[in-house]
Amino acid sequence: MTDPASADLTTIYPQPTARVIAKARPDIDVHARKFIEMSPFCVLATSGSDGSVDASPRGGMPGFVTVAGPNQLLMPDRAGNNRIDSFRNIVEGTGRLQLIFFVPGIDETLRVGGKGRVSADPDLLASMIEFGKPPRAALRIDVTEAYFHCGKALMRSKLWSADTRVERKVFPSISQVIHDQTTLGEPESQEVVYERYKTQL
C-alpha cells in the first residue's frame with residue numbers, strides 16, 4: 001500500500017483518544033481568549049470557489065485579533081501586496097476559514113475554525129488603528145471551533161530556540177528574490193542565480 005485511501009488510514013493511525021476529541025470546543029473559552037490576546041502572529045487559510053487554497057501570514061501587536069465574544073473574532077487587514085487572495089476566497093467562496101495562532105516562546109498553538117465576512121464599516125475600522133493608521137478592511141469571523149494543538153511540531157523544529165536562529169545574511173533579501181524571479185528580458189539561469197547566492201553567504 002503506497003497511496004492509502006481514506007479507509008486505509010485507520011490501519012496506519014490509531015484512533016484519537018477521547019480527550020483529544022473532547023478538547024475541540026465550539027467557542028472561544030478563557031484559555032483560547034488569553035492565547036489570542038497574547039498572539040502577535042497567525043496564519044489564515046481560506047479556500048476559493050474553484051477549489052484553490054490560500055494560506056496567508058497575518059501579524060501585528062499582541063492581541064491584534066480582537067475577541068469580540070465567545071463566537072466572534074475581529075481581524076484588521078493591514079497594508080500588504082494587494083493580491084487579496086484571502087478576501088477574494090472569502091467573498092467568492094463559502095467563507096469557511098481556519099486560523100492557527102502562535103505565541104513566541106509557547107510551543108502549543110491554537111487552531112480556530114469558522115466563517116468569515118469582510119467588512120469596511122468605518123466605525124469598526126476606526127477602532128482598529130495601529131501604527132497610526134486604520135485598516136482598509138476587517139475580517140469578522142464567526143467561530144465554530146477552537147482547538148489547542150500540542151507543542152510537538154514546534155518542539156521538534158525548535159522554532160523558538162535561540163540556538164536554531166538563522167542569521168539574516170544566509171538568505172537573499174526579499175527584494176533580491178523578487179528581482180531574480182521577475183527580471184524582464186533574458187532571464188538569468190538558475191545556476192547563475194545560485195552561484196551569486198552562494199557568494200552572499
# chains A, B, ... in the order shown; residues from 1 in each chain; ligands from 1
$ residues_around --residues "range 42-51 of chain A" --least-positions-apart "4" --cutoff "10 Å" --atoms "only C-alpha atoms" --output "MDAnalysis selection string"
chainID A and resid 36 55:60 64:65 85:103 109:113 115:116
$ closest_residue --among "A:Ala68, A:Ile28, A:Leu9, A:Val20" --to "Cys150 in chain A" --atoms "only C-alpha atoms"
A:Val20
$ closest_residue --among "A:Phe171, A:Asp107, A:Pro4, A:Tyr13" --to "Phe148 in chain A" --atoms "only C-alpha atoms"
A:Asp107
$ select_by_dssp --residues "chain A" --states "alpha helix (DSSP H)" --output "ChimeraX atom specification"
/A:9-12,18-22,30-38,85-92,122-126,152-157,174-182,190-199
$ write_last_selection --atoms "C-alpha atoms" --output "mmCIF file, in the first residue's frame"
data_model
loop_
_atom_site.group_PDB
_atom_site.id
_atom_site.type_symbol
_atom_site.label_atom_id
_atom_site.label_comp_id
_atom_site.auth_asym_id
_atom_site.auth_seq_id
_atom_site.Cartn_x
_atom_site.Cartn_y
_atom_site.Cartn_z
ATOM 1 C CA LEU A 9 -5.795 5.468 7.113
ATOM 2 C CA THR A 10 -7.316 3.669 10.100
ATOM 3 C CA THR A 11 -4.859 0.827 9.536
ATOM 4 C CA ILE A 12 -1.945 3.286 9.716
ATOM 5 C CA ALA A 18 -11.459 10.693 23.918
ATOM 6 C CA ARG A 19 -9.642 13.676 25.418
ATOM 7 C CA VAL A 20 -8.243 14.703 22.017
ATOM 8 C CA ILE A 21 -11.763 14.702 20.597
ATOM 9 C CA ALA A 22 -13.241 16.488 23.617
ATOM 10 C CA VAL A 30 -10.981 31.674 28.706
ATOM 11 C CA HIS A 31 -7.765 29.870 27.711
ATOM 12 C CA ALA A 32 -8.225 30.444 23.982
ATOM 13 C CA ARG A 33 -9.078 34.096 24.642
ATOM 14 C CA LYS A 34 -5.898 34.605 26.657
ATOM 15 C CA PHE A 35 -3.821 32.910 23.953
ATOM 16 C CA ILE A 36 -5.278 35.109 21.190
ATOM 17 C CA GLU A 37 -4.704 38.224 23.297
ATOM 18 C CA MET A 38 -1.007 37.284 23.598
ATOM 19 C CA ASP A 85 -6.304 36.192 -2.199
ATOM 20 C CA SER A 86 -7.799 35.502 1.235
ATOM 21 C CA PHE A 87 -10.543 38.110 0.960
ATOM 22 C CA ARG A 88 -11.399 37.082 -2.593
ATOM 23 C CA ASN A 89 -11.748 33.472 -1.433
ATOM 24 C CA ILE A 90 -13.992 34.510 1.450
ATOM 25 C CA VAL A 91 -16.220 36.773 -0.660
ATOM 26 C CA GLU A 92 -16.479 34.461 -3.679
ATOM 27 C CA PRO A 122 -15.996 52.968 9.158
ATOM 28 C CA ASP A 123 -16.694 52.710 12.882
ATOM 29 C CA LEU A 124 -15.141 49.252 13.064
ATOM 30 C CA LEU A 125 -12.060 50.331 11.122
ATOM 31 C CA ALA A 126 -11.659 53.425 13.310
ATOM 32 C CA LYS A 152 5.267 18.562 19.372
ATOM 33 C CA ALA A 153 5.714 20.246 15.977
ATOM 34 C CA LEU A 154 7.269 23.391 17.418
ATOM 35 C CA MET A 155 9.349 21.371 19.881
ATOM 36 C CA ARG A 156 10.741 19.197 17.071
ATOM 37 C CA SER A 157 11.532 22.238 14.959
ATOM 38 C CA ILE A 174 13.136 39.723 -0.426
ATOM 39 C CA SER A 175 13.905 42.479 -2.933
ATOM 40 C CA GLN A 176 16.717 40.369 -4.373
ATOM 41 C CA VAL A 177 14.488 37.298 -4.521
ATOM 42 C CA ILE A 178 11.738 39.216 -6.339
ATOM 43 C CA HIS A 179 14.304 40.736 -8.702
ATOM 44 C CA ASP A 180 15.602 37.285 -9.598
ATOM 45 C CA GLN A 181 12.081 35.943 -10.099
ATOM 46 C CA THR A 182 10.661 38.813 -12.118
ATOM 47 C CA GLN A 190 19.062 29.222 -12.084
ATOM 48 C CA GLU A 191 22.718 28.174 -11.990
ATOM 49 C CA VAL A 192 23.860 31.819 -12.293
ATOM 50 C CA VAL A 193 21.406 32.931 -9.605
ATOM 51 C CA TYR A 194 22.534 30.130 -7.296
ATOM 52 C CA GLU A 195 26.227 30.959 -7.788
ATOM 53 C CA ARG A 196 25.529 34.610 -6.876
ATOM 54 C CA TYR A 197 23.510 33.420 -3.906
ATOM 55 C CA LYS A 198 26.446 31.345 -2.627
ATOM 56 C CA THR A 199 28.793 34.328 -2.782
#
$ atom_distance --atom1 "CA of Gly63 in chain A" --atom2 "CA of Pro40 in chain A"
6.2 Å
